[in-house]
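Enquirer: Quick one, target32.cif (mmCIF, C-alpha atoms):
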```cif
data_upload
loop_
_atom_site.label_atom_id
_atom_site.label_comp_id
_atom_site.auth_asym_id
_atom_site.auth_seq_id
_atom_site.Cartn_x
_atom_site.Cartn_y
_atom_site.Cartn_z
CA MET A 28 -8.90 2.04 227.17
CA ILE A 29 -7.27 -0.30 224.65
CA ALA A 30 -7.54 0.82 221.02
CA GLN A 31 -8.63 -1.66 218.36
CA PRO A 32 -6.00 -2.85 215.90
CA TYR A 33 -6.90 -3.20 212.25
CA LEU A 34 -5.54 -6.75 211.99
CA SER A 35 -5.07 -9.70 214.34
CA ILE A 36 -2.83 -12.57 213.26
CA VAL A 37 -3.28 -15.72 215.34
CA GLY A 38 -0.67 -18.47 215.60
CA TRP A 39 -0.19 -21.53 217.77
CA ALA A 40 2.90 -23.23 219.13
CA ARG A 41 4.40 -25.37 221.86
CA ASN A 42 8.04 -25.83 222.76
CA ASP A 43 8.23 -29.52 221.85
CA GLY A 44 10.77 -29.60 219.03
CA TYR A 45 8.12 -30.02 216.30
CA THR A 46 10.83 -29.21 213.74
CA PRO A 47 14.60 -28.95 214.25
CA ASN A 48 15.61 -25.68 215.88
CA TYR A 49 11.94 -24.80 216.32
CA ALA A 50 12.30 -22.05 218.91
CA LYS A 51 14.89 -20.25 216.79
CA ARG A 52 12.75 -20.62 213.67
CA LEU A 53 9.78 -19.22 215.54
CA GLU A 54 11.73 -16.26 216.90
CA HIS A 55 13.06 -15.50 213.42
CA ALA A 56 9.64 -15.72 211.76
CA LEU A 57 7.94 -13.71 214.49
CA GLY A 58 10.56 -10.98 214.37
CA PHE A 59 10.30 -10.90 210.57
CA LEU A 60 6.51 -10.52 210.76
CA VAL A 61 6.67 -7.75 213.37
CA ARG A 62 9.20 -5.77 211.33
CA GLN A 63 7.14 -6.25 208.17
CA LEU A 64 3.87 -5.11 209.72
CA ASP A 65 5.60 -2.18 211.39
CA ARG A 66 7.36 -1.12 208.21
CA HIS A 67 4.03 -1.00 206.39
CA LYS A 68 2.39 0.85 209.32
CA ILE A 69 -0.44 -1.65 209.92
CA PRO A 70 -1.96 -1.28 213.41
CA SER A 71 -1.90 -4.93 214.33
CA GLU A 72 -1.43 -7.60 216.93
CA VAL A 73 0.16 -11.04 216.72
CA ILE A 74 -1.30 -13.58 219.12
CA VAL A 75 0.68 -16.73 219.88
CA VAL A 76 -1.29 -19.43 221.68
CA GLU A 77 1.05 -21.69 223.65
CA TRP A 78 -1.05 -24.82 223.71
CA ASN A 79 -0.40 -27.50 226.30
CA PRO A 80 3.18 -26.39 227.04
CA PRO A 81 5.59 -29.22 227.98
CA PRO A 82 6.32 -29.05 231.73
CA ASP A 83 10.02 -29.82 231.23
CA ARG A 84 10.72 -26.95 228.83
CA PRO A 85 10.50 -23.18 229.15
CA LEU A 86 7.60 -21.31 227.62
CA LEU A 87 8.30 -20.02 224.14
CA SER A 88 7.49 -16.50 225.33
CA GLU A 89 10.47 -16.81 227.68
CA GLU A 90 12.79 -17.79 224.82
CA MET A 91 11.95 -14.87 222.56
CA GLY A 92 14.62 -12.25 222.30
CA SER A 93 13.93 -8.58 221.62
CA LEU A 94 11.49 -8.50 218.69
CA ALA A 95 11.46 -4.76 217.96
CA VAL A 96 10.95 -1.37 219.53
CA ALA A 97 7.41 -0.16 220.21
CA GLY A 98 5.69 0.59 216.92
CA GLN A 99 2.55 -0.59 215.18
CA VAL A 100 2.55 -4.19 216.46
CA THR A 101 1.59 -5.79 219.77
CA VAL A 102 2.68 -9.38 220.41
CA ARG A 103 0.69 -11.39 222.97
CA PHE A 104 1.35 -14.91 224.23
CA ILE A 105 -1.64 -16.80 225.69
CA VAL A 106 -0.95 -19.99 227.64
CA VAL A 107 -3.47 -22.86 227.60
CA PRO A 108 -2.74 -25.38 230.40
CA PRO A 109 -2.40 -29.12 229.64
CA LYS A 110 -5.79 -29.94 231.22
CA HIS A 111 -7.55 -28.38 228.25
CA HIS A 112 -5.75 -30.72 225.87
CA GLU A 113 -6.92 -33.95 227.47
CA GLY A 114 -9.72 -35.95 225.93
CA PRO A 115 -9.68 -35.83 222.12
CA GLN A 116 -8.57 -38.99 220.35
CA GLY A 117 -4.78 -38.98 220.04
CA TRP A 118 -4.15 -36.36 222.71
CA GLN A 119 -1.56 -38.49 224.48
CA THR A 120 0.47 -38.87 221.27
CA ARG A 121 0.22 -35.39 219.84
CA GLY A 122 0.50 -32.40 222.13
CA MET A 123 -1.12 -29.87 219.78
CA HIS A 124 -4.77 -29.42 218.86
CA VAL A 125 -4.62 -26.83 216.10
CA ASN A 126 -8.36 -26.10 215.94
CA ASN A 127 -8.71 -25.50 219.65
CA ALA A 128 -5.51 -23.47 219.87
CA ALA A 129 -6.43 -21.22 216.94
CA ASN A 130 -9.92 -20.74 218.34
CA VAL A 131 -8.51 -19.57 221.68
CA GLY A 132 -6.57 -16.83 219.89
CA MET A 133 -9.35 -15.84 217.51
CA ARG A 134 -11.88 -15.63 220.34
CA ARG A 135 -9.59 -13.18 222.15
CA ALA A 136 -8.45 -11.23 219.11
CA ARG A 137 -9.14 -7.50 219.20
CA GLY A 138 -8.64 -6.73 215.51
CA ARG A 139 -11.32 -5.71 213.05
CA PHE A 140 -9.96 -8.42 210.73
CA VAL A 141 -8.53 -11.74 211.89
CA THR A 142 -6.51 -14.45 210.18
CA PRO A 143 -4.91 -17.63 211.53
CA LYS A 144 -1.29 -18.20 210.49
CA ALA A 145 1.22 -20.99 210.90
CA LEU A 146 4.03 -19.19 212.66
CA ASP A 147 6.80 -20.63 210.49
CA THR A 148 5.39 -19.06 207.31
CA PHE A 149 6.26 -15.70 205.72
CA TYR A 150 4.05 -13.11 204.05
CA SER A 151 5.26 -11.71 200.73
CA GLU A 152 5.86 -7.97 200.52
CA GLN A 153 3.03 -7.73 197.97
CA LEU A 154 0.63 -9.30 200.47
CA VAL A 155 1.55 -6.95 203.31
CA SER A 156 1.44 -3.95 200.96
CA ARG A 157 -2.10 -4.95 200.05
CA LEU A 158 -3.09 -5.22 203.72
CA ALA A 159 -1.47 -1.84 204.40
CA GLN A 160 -4.02 -0.12 202.19
CA LEU A 161 -6.45 -0.62 205.12
CA ASN A 162 -9.38 -0.94 202.74
CA LEU A 163 -10.53 -4.52 203.27
CA ASP A 164 -14.24 -5.14 202.79
CA ASP A 165 -16.17 -6.44 205.80
CA GLY A 166 -18.32 -8.53 203.46
CA CYS A 167 -15.43 -10.51 202.00
CA VAL A 168 -13.17 -13.41 202.93
CA TYR A 169 -9.66 -13.08 201.51
CA ARG A 170 -7.40 -15.82 200.14
CA CYS A 171 -3.99 -16.07 198.51
CA ASP A 172 -1.77 -18.95 197.38
CA ARG A 173 0.88 -20.66 199.48
CA LEU A 174 4.30 -21.22 197.92
CA ASP A 175 6.55 -23.95 199.33
CA ALA A 176 10.28 -23.28 199.33
CA ARG A 177 13.13 -25.70 199.96
CA MET A 178 15.94 -23.88 201.72
CA GLY A 179 18.54 -26.59 202.41
CA ASP A 180 20.49 -25.98 205.62
CA GLU A 181 19.63 -23.54 208.39
CA SER A 182 21.74 -20.67 207.03
CA TRP A 183 18.61 -18.91 205.78
CA LEU A 184 17.83 -18.07 209.40
CA GLU A 185 20.67 -15.55 209.28
CA LEU A 186 19.50 -13.74 206.14
CA PRO A 187 18.24 -10.15 206.34
CA ASP A 188 14.54 -9.71 205.61
CA GLU A 189 14.89 -8.63 201.99
CA GLY A 190 17.39 -11.39 201.28
CA LEU A 191 15.16 -14.02 202.85
CA LEU A 192 12.18 -13.05 200.69
CA ALA A 193 14.38 -13.19 197.61
CA GLN A 194 15.64 -16.66 198.55
CA LEU A 195 12.14 -17.92 199.28
CA ALA A 196 10.97 -16.78 195.85
CA HIS A 197 14.05 -18.27 194.17
CA ASN A 198 13.74 -21.64 195.94
CA THR A 199 10.00 -22.15 195.44
CA VAL A 200 9.25 -25.77 194.53
CA GLN A 201 5.44 -25.82 194.61
CA ARG A 202 2.56 -23.38 194.36
CA HIS A 203 -0.71 -24.33 196.05
CA GLY A 204 -3.04 -22.68 193.58
CA ARG A 205 -6.76 -22.96 193.05
CA LEU A 206 -8.12 -26.49 192.57
CA THR A 207 -11.13 -27.54 190.53
CA HIS A 208 -13.46 -29.69 192.62
CA SER A 209 -15.62 -32.44 191.17
CA ILE A 210 -19.06 -31.22 190.10
CA ASP A 211 -20.41 -34.30 191.88
CA TRP A 212 -19.47 -32.69 195.19
CA LYS A 213 -22.15 -29.99 194.72
CA MET A 214 -20.26 -27.31 196.60
CA ARG A 215 -19.26 -23.72 195.97
CA ASP A 216 -16.18 -23.09 193.86
CA LEU A 217 -13.87 -21.78 196.58
CA HIS A 218 -10.09 -21.71 196.89
CA THR A 219 -9.64 -24.31 199.63
CA ASN A 220 -6.13 -25.43 198.69
CA ALA A 221 -3.89 -24.71 201.72
CA CYS A 222 -6.43 -22.13 202.85
CA GLY A 223 -5.45 -22.49 206.50
CA ASP A 224 -2.30 -20.54 205.69
CA PHE A 225 -4.23 -17.40 204.78
CA LEU A 226 -7.94 -17.12 205.54
CA LEU A 227 -8.76 -13.53 206.46
CA MET A 228 -12.17 -12.13 207.41
CA THR A 229 -13.72 -9.95 210.07
CA ALA A 230 -13.74 -10.96 213.71
CA GLU A 231 -17.53 -10.80 213.53
CA ARG A 232 -17.54 -13.37 210.72
CA TRP A 233 -15.29 -15.73 212.68
CA ALA A 234 -17.69 -15.39 215.62
CA GLU A 235 -20.65 -16.02 213.32
CA ILE A 236 -19.24 -19.36 212.12
CA ARG A 237 -17.79 -20.11 215.61
CA GLY A 238 -14.19 -20.44 214.45
CA TYR A 239 -12.80 -23.78 213.39
CA GLN A 240 -15.01 -26.83 213.80
CA LYS A 241 -15.00 -28.90 216.97
CA ASP A 242 -12.86 -31.97 216.32
CA ALA A 243 -13.00 -35.11 218.45
CA SER A 244 -9.42 -35.96 217.49
CA VAL A 245 -6.17 -34.03 217.35
CA LEU A 246 -5.94 -34.44 213.56
CA CYS A 247 -8.11 -31.41 212.72
CA LEU A 248 -8.40 -32.37 209.05
CA ASP A 249 -10.30 -30.14 206.58
CA SER A 250 -11.16 -27.52 209.21
CA ASP A 251 -9.86 -24.52 207.32
CA SER A 252 -11.76 -25.53 204.17
CA ILE A 253 -14.94 -26.02 206.18
CA ALA A 254 -14.51 -22.56 207.73
CA LEU A 255 -14.18 -21.01 204.27
CA HIS A 256 -17.40 -22.67 203.08
CA ALA A 257 -19.17 -21.68 206.31
CA ALA A 258 -18.17 -18.05 205.79
CA ALA A 259 -19.51 -18.13 202.23
CA ALA A 260 -22.81 -19.60 203.45
CA HIS A 261 -23.06 -16.69 205.87
CA GLY A 262 -22.73 -14.21 203.02
CA ALA A 263 -18.99 -13.61 202.62
CA SER A 264 -17.72 -13.16 199.06
CA GLU A 265 -14.35 -14.77 198.36
CA ILE A 266 -11.54 -12.58 197.06
CA HIS A 267 -8.56 -14.53 195.69
CA TRP A 268 -5.46 -12.38 195.44
CA LEU A 269 -3.26 -13.70 192.63
CA ASP A 270 -0.12 -11.57 192.92
CA GLU A 271 0.17 -11.89 196.70
CA CYS A 272 1.33 -15.05 198.46
CA ILE A 273 2.55 -16.66 201.64
CA TYR A 274 5.78 -18.70 201.78
CA LYS A 275 6.40 -21.87 203.74
CA VAL A 276 9.81 -23.48 204.25
CA VAL A 277 9.08 -27.16 203.66
CA HIS A 278 10.27 -29.78 206.11
CA GLY A 279 9.63 -33.50 206.63
CA ASN A 280 6.55 -32.96 208.77
CA THR A 281 4.17 -31.15 206.42
CA HIS A 282 0.56 -32.30 206.16
CA ALA A 283 0.76 -33.62 202.59
CA GLN A 284 3.75 -35.78 203.47
CA ARG A 285 2.01 -37.33 206.47
CA THR A 286 -1.50 -38.13 205.23
CA ALA A 287 -2.55 -41.12 203.12
CA THR A 288 -5.92 -42.58 202.13
CA VAL A 289 -6.80 -46.10 203.27
CA TRP A 290 -8.92 -48.25 200.97
CA LYS A 291 -10.35 -51.70 201.60
CA ASP A 292 -10.55 -54.13 198.71
CA TRP A 293 -14.36 -54.09 198.58
CA GLN A 294 -14.36 -50.29 198.52
CA LEU A 295 -11.98 -50.23 195.55
CA ARG A 296 -14.07 -52.80 193.69
CA LEU A 297 -17.34 -50.99 194.38
CA ASP A 298 -15.92 -47.60 193.50
CA GLY A 299 -14.37 -48.91 190.29
CA HIS A 300 -17.60 -50.66 189.32
CA LEU A 301 -19.71 -47.52 189.78
CA LEU A 302 -17.27 -45.23 188.03
CA GLY A 303 -16.97 -47.70 185.16
CA ARG A 304 -20.74 -47.53 184.72
CA LYS A 305 -20.61 -43.71 184.86
CA ARG A 306 -22.43 -43.64 188.18
CA ARG A 307 -20.18 -40.96 189.59
CA GLU A 308 -22.84 -39.29 191.72
CA LEU A 309 -23.76 -42.56 193.38
CA ALA A 310 -20.08 -43.37 193.96
CA MET A 311 -19.58 -40.03 195.70
CA SER A 312 -22.74 -40.49 197.77
CA LEU A 313 -21.60 -43.91 198.95
CA ARG A 314 -18.25 -42.48 200.01
CA VAL A 315 -20.15 -40.04 202.22
CA TRP A 316 -22.69 -42.53 203.59
CA LEU A 317 -20.24 -45.37 204.20
CA ASP A 318 -17.30 -43.09 205.07
CA TYR A 319 -14.53 -44.27 202.79
CA PRO A 320 -11.69 -44.09 201.92
CA ARG A 321 -10.63 -43.25 205.47
CA ARG A 322 -7.35 -41.41 206.13
CA ARG A 323 -4.31 -42.20 208.23
CA VAL A 324 -1.72 -39.69 209.41
CA ARG A 325 1.87 -40.74 210.01
CA GLY A 326 2.70 -40.62 213.69
CA LEU A 327 -0.93 -41.17 214.67
CA GLU A 328 -1.58 -44.52 213.04
CA GLU A 329 -3.98 -45.49 215.81
CA ILE A 330 -6.52 -43.00 214.45
CA LEU A 331 -8.44 -43.75 211.27
CA ALA A 332 -9.77 -40.36 210.28
CA PRO A 333 -13.02 -39.81 208.36
CA SER A 334 -12.96 -39.68 204.60
CA ILE A 335 -12.72 -36.30 202.95
CA GLU A 336 -16.17 -36.97 201.51
CA ARG A 337 -17.71 -37.50 204.95
CA ASN A 338 -15.72 -34.87 206.83
CA PHE A 339 -15.61 -32.09 204.26
CA VAL A 340 -17.66 -32.66 201.11
CA ALA A 341 -20.95 -33.41 202.89
CA LYS A 342 -20.55 -30.31 205.09
CA ALA A 343 -19.55 -28.04 202.20
CA ALA A 344 -22.57 -29.27 200.25
CA ARG A 345 -24.84 -28.25 203.13
CA TYR A 346 -23.23 -24.83 203.20
CA ALA A 347 -23.71 -24.58 199.43
CA ARG A 348 -27.44 -24.87 200.14
CA ASN A 349 -27.03 -22.02 202.68
CA ASP A 350 -28.04 -24.28 205.53
CA LEU A 351 -27.29 -21.89 208.39
CA SER A 352 -28.76 -24.30 210.92
CA PHE A 353 -25.58 -26.34 210.46
CA VAL A 354 -22.95 -25.24 213.02
CA THR A 355 -19.69 -27.01 213.75
CA ASN A 356 -18.81 -25.71 217.20
CA ASP A 357 -20.33 -24.78 220.55
CA ALA A 358 -21.34 -21.28 221.62
CA ASP A 359 -18.38 -21.15 224.04
CA TRP A 360 -15.86 -21.98 221.29
CA GLY A 361 -12.30 -20.90 222.00
CA LEU A 362 -12.54 -21.60 225.76
CA ALA A 363 -14.52 -18.39 226.01
CA ASN A 364 -15.38 -18.91 229.67
CA GLU A 365 -11.82 -19.71 230.79
CA THR A 366 -9.38 -17.22 232.28
CA LEU A 367 -6.00 -17.88 230.69
CA SER A 368 -2.55 -16.60 231.50
CA GLU A 369 -1.33 -13.95 229.08
CA ARG A 370 1.97 -12.17 228.56
CA THR A 371 2.57 -9.20 226.26
CA VAL A 372 6.15 -9.26 224.99
CA LEU A 373 5.78 -6.23 222.72
CA ARG A 374 3.25 -3.42 223.00
CA ALA A 375 2.37 -1.10 220.13
CA THR A 376 2.01 2.64 220.52
CA TRP A 377 -1.72 2.36 219.78
CA ASP A 378 -2.13 -0.23 222.54
CA SER A 379 -2.60 1.64 225.81
CA GLN A 380 -4.05 0.34 229.06
#
```
With the file now loaded, output its structure as structure tokens.

Expert:
Amino acid sequence: MIAQPYLSIVGWARNDGYTPNYAKRLEHALGFLVRQLDRHKIPSEVIVVEWNPPPDRPLLSEEMGSLAVAGQVTVRFIVVPPKHHEGPQGWQTRGMHVNNAANVGMRRARGRFVTPKALDTFYSEQLVSRLAQLNLDDGCVYRCDRLDARMGDESWLELPDEGLLAQLAHNTVQRHGRLTHSIDWKMRDLHTNACGDFLLMTAERWAEIRGYQKDASVLCLDSDSIALHAAAAHGASEIHWLDECIYKVVHGNTHAQRTATVWKDWQLRLDGHLLGRKRRELAMSLRVWLDYPRRRVRGLEEILAPSIERNFVAKAARYARNDLSFVTNDADWGLANETLSERTVLRATWDSQ
């Protein structure tokens, strides 16, 4: 019988050169995470979902070196064949569908608590020390800030763990702290800024909200923020840890650098007219009803994504009214009925068959 880990961390990847030296970066970050969790004695598993792997490249699981000796951490790779990627708008241009990939891992996670994680990010020691107390509340959803660090060349990949954390802290260029939303949005005051980088709650809560929302395109905008508001509507209390953080090494492909709003002249005139007459609530309502300003993501210019007001604000407002009839995914979310190939590259001592 397989024991239950305390924590499941779910990441997604494909060996497509998303960033320079991606496989090496992934191996480094994964090894760092395993050593960190093991050092703090957290019974845990790391799930890597290889989504739509390129047929001309090896699987990432095959490129991982030795991560560690058997300890507190199991590392599982789950492969999702290309056929499951076909269909959403933009699938031929972008090979990753983050929502669907994360949902596959979360649906198969065995931990009491589950959090998605971009695999090229790093937890601070304070964050892992907090998790190691093993006293998380089932009724809460946990958040912390993301800190962006600019590291220059690739030499940081050779740093020892302690030295890397020190360099990340020293080279921080931006902190994604709590934002104040417009009162016109009529939503809960939740810490949605970069919340996809650390959004931790029970596996039962993820099942209750059915993971990340179903997205008809590969853009997957606003999904982490929607999940946070859905969890709150289902009764979860948000805990925002202030002294703990997650680090991200910034590169030229981050979300903020790729996304821009697209206004039409009549939309600008109408919006300006209403705001000038202090009709802010009506201006916000029209942005929802008429779906503007739309958004465009660099590299996927053929897709004009919904406005943040239509795609996020309207949904968060429904959740603020505790509208539990509003669900954003199907009952079989995470390809629940599919049998997928899986490979365990590291097995913890608690994890017995």

Enquirer: Which residue gives the smallest distance to A:Arg139 among A:Val245, A:Leu163, A:Leu362, A:Ala193, with all atoms listed in the file counted?

Expert: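 Ranked by minimum distance to A:Arg139, first place goes to A:Leu163.
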
Enquirer: Please determine, counting all atoms listed in the file, which residue among A:Tyr33, A:Trp212, A:Tyr239, A:Tyr49 has the shortest atom-to-atom distance to A:Val315.

Expert: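 Counting all atoms listed in the file, the residue closest to A:Val315 is A:Trp212.
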
Enquirer: Mind giving me the straight-line distance from atom CA of A:Asp251 to atom CA of A:Leu64 in Å, one decimal?

Expert: 23.9 Å

Enquirer: What is the distance, in Å and to one decimal place, between atom CA of A:Leu86 and atom CA of A:Ala375?

Expert: 22.2 Å

Enquirer: Considering all atoms listed in the file, return as a PDB file with C-alpha atoms, in the coordinates of the input whatever protein or nucleic-acid residues lie within 10 Å of A:Val372, sequence-local ones (same chain, fewer than 4 positions apart) excluded.

Expert:
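Final output, part-v3.pdb:
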```
ATOM      1  CA  SER A  88       7.490 -16.500 225.330  1.00  0.00           C
ATOM      2  CA  GLU A  89      10.470 -16.810 227.680  1.00  0.00           C
ATOM      3  CA  MET A  91      11.950 -14.870 222.560  1.00  0.00           C
ATOM      4  CA  GLY A  92      14.620 -12.250 222.300  1.00  0.00           C
ATOM      5  CA  SER A  93      13.930  -8.580 221.620  1.00  0.00           C
ATOM      6  CA  LEU A  94      11.490  -8.500 218.690  1.00  0.00           C
ATOM      7  CA  ALA A  95      11.460  -4.760 217.960  1.00  0.00           C
ATOM      8  CA  THR A 101       1.590  -5.790 219.770  1.00  0.00           C
ATOM      9  CA  VAL A 102       2.680  -9.380 220.410  1.00  0.00           C
ATOM     10  CA  ARG A 103       0.690 -11.390 222.970  1.00  0.00           C
ATOM     11  CA  PHE A 104       1.350 -14.910 224.230  1.00  0.00           C
TER      12      PHE A 104
END
```

Enquirer: What gap, in Å, lies between atom CA of A:Asn42 and atom CA of A:Glu90?

Expert: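 Distance reported for this atom pair: 9.6 Å.
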
Enquirer: If the PyMOL selection byres ((chain A and resi 231) around 12) were run on this exact file, what residues would it hold? Put them as a list in words.

Expert: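 Matching residues under the PyMOL selection byres ((chain A and resi 231) around 12) are Met133, Arg134, Arg135, Ala136, Arg137, Gly138, Arg139, Phe140, Val141, Asp165, Gly166, Cys167, Val168, Leu227, Met228, Thr229, Ala230, Arg232, Trp233, Ala234, Glu235, Ile236, Arg237, Gly238, Ala258, His261 and Ala263 of chain A.
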
Enquirer: Please complete stretch 115-132 of chain A so it has N, CA and C atoms, and hand it over as a PDB file, in the coordinates of the input.

Expert:
```pdb
ATOM      1  N   PRO A 115      -9.513 -35.458 223.522  1.00  0.00           N
ATOM      2  CA  PRO A 115      -9.680 -35.830 222.120  1.00  0.00           C
ATOM      3  C   PRO A 115      -8.827 -37.033 221.737  1.00  0.00           C
ATOM      4  N   GLN A 116      -9.306 -37.806 220.792  1.00  0.00           N
ATOM      5  CA  GLN A 116      -8.570 -38.990 220.350  1.00  0.00           C
ATOM      6  C   GLN A 116      -7.170 -38.591 219.878  1.00  0.00           C
ATOM      7  N   GLY A 117      -6.163 -39.251 220.413  1.00  0.00           N
ATOM      8  CA  GLY A 117      -4.780 -38.980 220.040  1.00  0.00           C
ATOM      9  C   GLY A 117      -4.089 -37.942 220.893  1.00  0.00           C
ATOM     10  N   TRP A 118      -4.741 -37.450 221.937  1.00  0.00           N
ATOM     11  CA  TRP A 118      -4.150 -36.360 222.710  1.00  0.00           C
ATOM     12  C   TRP A 118      -2.875 -36.766 223.421  1.00  0.00           C
ATOM     13  N   GLN A 119      -2.763 -38.049 223.770  1.00  0.00           N
ATOM     14  CA  GLN A 119      -1.560 -38.490 224.480  1.00  0.00           C
ATOM     15  C   GLN A 119      -0.350 -38.610 223.554  1.00  0.00           C
ATOM     16  N   THR A 120      -0.614 -38.744 222.251  1.00  0.00           N
ATOM     17  CA  THR A 120       0.470 -38.870 221.270  1.00  0.00           C
ATOM     18  C   THR A 120       0.890 -37.522 220.715  1.00  0.00           C
ATOM     19  N   ARG A 121      -0.076 -36.706 220.391  1.00  0.00           N
ATOM     20  CA  ARG A 121       0.220 -35.390 219.840  1.00  0.00           C
ATOM     21  C   ARG A 121      -0.182 -34.316 220.841  1.00  0.00           C
ATOM     22  N   GLY A 122       0.733 -33.419 221.110  1.00  0.00           N
ATOM     23  CA  GLY A 122       0.500 -32.400 222.130  1.00  0.00           C
ATOM     24  C   GLY A 122      -0.203 -31.157 221.643  1.00  0.00           C
ATOM     25  N   MET A 123      -0.490 -31.060 220.353  1.00  0.00           N
ATOM     26  CA  MET A 123      -1.120 -29.870 219.780  1.00  0.00           C
ATOM     27  C   MET A 123      -2.490 -30.206 219.230  1.00  0.00           C
ATOM     28  N   HIS A 124      -3.460 -29.354 219.499  1.00  0.00           N
ATOM     29  CA  HIS A 124      -4.770 -29.420 218.860  1.00  0.00           C
ATOM     30  C   HIS A 124      -4.956 -28.091 218.150  1.00  0.00           C
ATOM     31  N   VAL A 125      -4.687 -28.080 216.842  1.00  0.00           N
ATOM     32  CA  VAL A 125      -4.620 -26.830 216.100  1.00  0.00           C
ATOM     33  C   VAL A 125      -5.948 -26.074 216.142  1.00  0.00           C
ATOM     34  N   ASN A 126      -7.061 -26.778 215.935  1.00  0.00           N
ATOM     35  CA  ASN A 126      -8.360 -26.100 215.940  1.00  0.00           C
ATOM     36  C   ASN A 126      -8.613 -25.368 217.256  1.00  0.00           C
ATOM     37  N   ASN A 127      -8.432 -26.086 218.340  1.00  0.00           N
ATOM     38  CA  ASN A 127      -8.710 -25.500 219.650  1.00  0.00           C
ATOM     39  C   ASN A 127      -7.761 -24.353 219.968  1.00  0.00           C
ATOM     40  N   ALA A 128      -6.491 -24.519 219.612  1.00  0.00           N
ATOM     41  CA  ALA A 128      -5.510 -23.470 219.870  1.00  0.00           C
ATOM     42  C   ALA A 128      -5.834 -22.212 219.072  1.00  0.00           C
ATOM     43  N   ALA A 129      -6.097 -22.374 217.783  1.00  0.00           N
ATOM     44  CA  ALA A 129      -6.430 -21.220 216.940  1.00  0.00           C
ATOM     45  C   ALA A 129      -7.694 -20.541 217.446  1.00  0.00           C
ATOM     46  N   ASN A 130      -8.671 -21.325 217.854  1.00  0.00           N
ATOM     47  CA  ASN A 130      -9.920 -20.740 218.340  1.00  0.00           C
ATOM     48  C   ASN A 130      -9.723 -19.908 219.596  1.00  0.00           C
ATOM     49  N   VAL A 131      -8.820 -20.355 220.473  1.00  0.00           N
ATOM     50  CA  VAL A 131      -8.510 -19.570 221.680  1.00  0.00           C
ATOM     51  C   VAL A 131      -8.021 -18.175 221.278  1.00  0.00           C
ATOM     52  N   GLY A 132      -7.104 -18.123 220.325  1.00  0.00           N
ATOM     53  CA  GLY A 132      -6.570 -16.830 219.890  1.00  0.00           C
ATOM     54  C   GLY A 132      -7.589 -15.981 219.168  1.00  0.00           C
TER      55      GLY A 132
END
```
